[in-house]
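> Next up is a structure, given as structure tokens.
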Amino acid sequence: MQQRPTVPRGRHAPPLEVRQIRQRGRLFAAASAVFARMGYADATAEAIAREAGMSKATFYEHFANKEDCIIALFDVGTQDVLNVMREAADETPADDPRARVRVTLGAFLATLAEFPDDSQTLLVEIVGAGPRAMEHRDRALEAVSQYLVELNRQDAERGASPLLASPHDAYAITGAVVELASRQIRTGVPEDIRDLEPVIERLILGLLASGSPP
């Protein structure tokens, strides 16, 4: 979910490895646009290559098929989102868990708003991309849940927050956030995805309040 650079041509072209990285970035940007516009079922490798201004042969140098493409895009995109959340959390005072919830959540929703095509691909289109894609989705949700568990454990050890009642509470938070964001992308309700922030904040703080004492 980053700006993808173009590739200089001719004698100023970068070395092969750099050029391939940039090609892949352009293909990711094109794929997210095509998946968001056409839906995964109707998207084709040819459409993605055309969107990227490349040949279909170049697409197949990077991906075996559109399933391989969306899974690779999903893995990169979810890691980008998790990095954004980590950076936001690291910039928040460790002794203020409520502020960290607000800042991290705000960063997450702002990223989804900034990259709508990527967001639709990661949260909506991936669901229809088959069993292998769903395995990657399950692992991503588990990774986010484990991140929340670790943050909560650190807060509880400092006496700054109750401990969540179970790791399943962290997964419940992750699943609820993903579904709320997915619904907004599919239906436009609420109009701005960032308007979900107070709802999700109440959910998180409510589960924390019902957890075990630190």
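Just so we're on the same page: first chain in the structure tokens is A, next is B, and so on; residues restart at 1 for each chain, and ligands are numbered from 1 in the order they show up.
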Could you write out, as a ChimeraX atom specification, all the residues of stretch 150-179 of chain A that DSSP marks as alpha helix (DSSP H)?
/A:150-157,167-179
> Could those residues be written to a file, using N, CA and C atoms, as a compact mmCIF listing (two decimals), in the first residue's frame?

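What ended up in again12.txt:
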# COMPACT_ATOMS: atom_id res chain seq x y z
N GLU A 150 0.09 -9.38 22.48
CA GLU A 150 1.38 -8.98 23.02
C GLU A 150 1.33 -7.57 23.60
N LEU A 151 0.68 -6.64 22.88
CA LEU A 151 0.55 -5.28 23.41
C LEU A 151 -0.20 -5.29 24.74
N ASN A 152 -1.28 -6.05 24.79
CA ASN A 152 -2.09 -6.12 25.99
C ASN A 152 -1.30 -6.75 27.15
N ARG A 153 -0.51 -7.77 26.86
CA ARG A 153 0.31 -8.40 27.90
C ARG A 153 1.29 -7.40 28.50
N GLN A 154 1.93 -6.61 27.63
CA GLN A 154 2.89 -5.61 28.11
C GLN A 154 2.19 -4.56 28.99
N ASP A 155 1.01 -4.13 28.56
CA ASP A 155 0.27 -3.14 29.34
C ASP A 155 -0.13 -3.71 30.70
N ALA A 156 -0.58 -4.96 30.70
CA ALA A 156 -1.02 -5.59 31.95
C ALA A 156 0.15 -5.76 32.91
N GLU A 157 1.32 -6.10 32.39
CA GLU A 157 2.49 -6.27 33.25
C GLU A 157 2.91 -4.96 33.90
N PRO A 167 -7.03 -15.07 24.56
CA PRO A 167 -6.56 -14.68 23.23
C PRO A 167 -7.70 -14.59 22.22
N HIS A 168 -8.78 -15.31 22.49
CA HIS A 168 -9.92 -15.26 21.57
C HIS A 168 -10.56 -13.87 21.53
N ASP A 169 -10.41 -13.12 22.65
CA ASP A 169 -10.93 -11.75 22.66
C ASP A 169 -10.18 -10.90 21.64
N ALA A 170 -8.86 -11.10 21.54
CA ALA A 170 -8.08 -10.36 20.56
C ALA A 170 -8.50 -10.73 19.14
N TYR A 171 -8.78 -12.00 18.93
CA TYR A 171 -9.23 -12.43 17.60
C TYR A 171 -10.62 -11.86 17.31
N ALA A 172 -11.46 -11.79 18.34
CA ALA A 172 -12.80 -11.21 18.16
C ALA A 172 -12.70 -9.74 17.74
N ILE A 173 -11.77 -9.00 18.35
CA ILE A 173 -11.55 -7.61 17.98
C ILE A 173 -11.11 -7.52 16.52
N THR A 174 -10.13 -8.34 16.16
CA THR A 174 -9.61 -8.33 14.79
C THR A 174 -10.70 -8.66 13.78
N GLY A 175 -11.45 -9.71 14.05
CA GLY A 175 -12.51 -10.11 13.13
C GLY A 175 -13.60 -9.07 13.00
N ALA A 176 -13.97 -8.45 14.11
CA ALA A 176 -15.01 -7.42 14.07
C ALA A 176 -14.54 -6.20 13.27
N VAL A 177 -13.29 -5.81 13.48
CA VAL A 177 -12.76 -4.65 12.76
C VAL A 177 -12.73 -4.93 11.26
N VAL A 178 -12.27 -6.12 10.89
CA VAL A 178 -12.20 -6.48 9.46
C VAL A 178 -13.59 -6.50 8.85
N GLU A 179 -14.57 -7.05 9.55
CA GLU A 179 -15.92 -7.12 8.99
C GLU A 179 -16.56 -5.73 8.89
> Using only C-alpha atoms, which of the listed residues (A:Leu73, A:Ala45, A:Leu27, A:Ala209) sits closest to A:Asp118?
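Ranking A:Leu73, A:Ala45, A:Leu27, A:Ala209 by distance to A:Asp118, first place goes to A:Leu73.
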> Contacts of A:Ile48 at 7 Å or less, counting only C-alpha atoms, minus same-chain residues fewer than 5 places along, as a list of chain:residue names?
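Listed by chain and then number, they are A:Leu27, A:Ala30, A:Ala31, A:Val34.
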> Any chance you could export the current selection's C-alpha atoms as a short mmCIF file (atom, residue, chain, number, x, y, z; two decimals), in the first residue's frame?

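See again-v3.cif below for the written result:
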data_model
loop_
_atom_site.label_atom_id
_atom_site.label_comp_id
_atom_site.auth_asym_id
_atom_site.auth_seq_id
_atom_site.Cartn_x
_atom_site.Cartn_y
_atom_site.Cartn_z
CA LEU A 27 1.82 -4.82 -11.28
CA ALA A 30 -2.48 -2.31 -11.44
CA ALA A 31 -3.82 -5.50 -9.85
CA VAL A 34 -8.37 -4.11 -11.59
#
> I want to know what sits within 8 Å of A:Ala49, based on only C-alpha atoms, with residues of the same chain fewer than 5 positions away left out; could you give that as a PyMOL selection string?
chain A and resi 27+30+54-56+58-59
> Given only C-alpha atoms as the basis, pick out the residue of A:Val101, A:Val84, A:Leu109, A:Val76 nearest to A:Ser161.
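The shortest atom-to-atom distance to A:Ser161 comes from A:Val101.
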> For A:Pro131, please output as a list in words all residues within 12 Å (counting only C-alpha atoms; exclusion window: fewer than 6 positions along the same chain).
Glu67, Ile71, Arg137 and Asp138 of chain A
> Between A:Ser32, A:Thr78, A:Gln23, A:Ser212, which one has atoms that come closest to A:Glu61, using only C-alpha atoms?
A:Gln23
> Per residue of stretch 87-163 of chain A within 9 Å of stretch 36-40 of chain A, what are the shortest atom pair and its distance in Å to one decimal, counting only C-alpha atoms, with rows by chain and residue number, as JSON lines?

{"residue": "A:Pro116", "atom": "CA", "partner": "A:Ala36", "partner_atom": "CA", "distance": 8.3}
{"residue": "A:Asp117", "atom": "CA", "partner": "A:Ala36", "partner_atom": "CA", "distance": 5.3}
{"residue": "A:Asp118", "atom": "CA", "partner": "A:Ala36", "partner_atom": "CA", "distance": 7.6}
{"residue": "A:Ser119", "atom": "CA", "partner": "A:Ala36", "partner_atom": "CA", "distance": 8.6}
{"residue": "A:Gln120", "atom": "CA", "partner": "A:Ala36", "partner_atom": "CA", "distance": 5.8}
{"residue": "A:Thr121", "atom": "CA", "partner": "A:Ala36", "partner_atom": "CA", "distance": 6.0}
{"residue": "A:Val124", "atom": "CA", "partner": "A:Ala36", "partner_atom": "CA", "distance": 8.8}
{"residue": "A:Glu125", "atom": "CA", "partner": "A:Tyr40", "partner_atom": "CA", "distance": 5.7}
{"residue": "A:Ile126", "atom": "CA", "partner": "A:Tyr40", "partner_atom": "CA", "distance": 7.7}
{"residue": "A:Gly128", "atom": "CA", "partner": "A:Tyr40", "partner_atom": "CA", "distance": 6.9}
{"residue": "A:Ala129", "atom": "CA", "partner": "A:Tyr40", "partner_atom": "CA", "distance": 6.7}
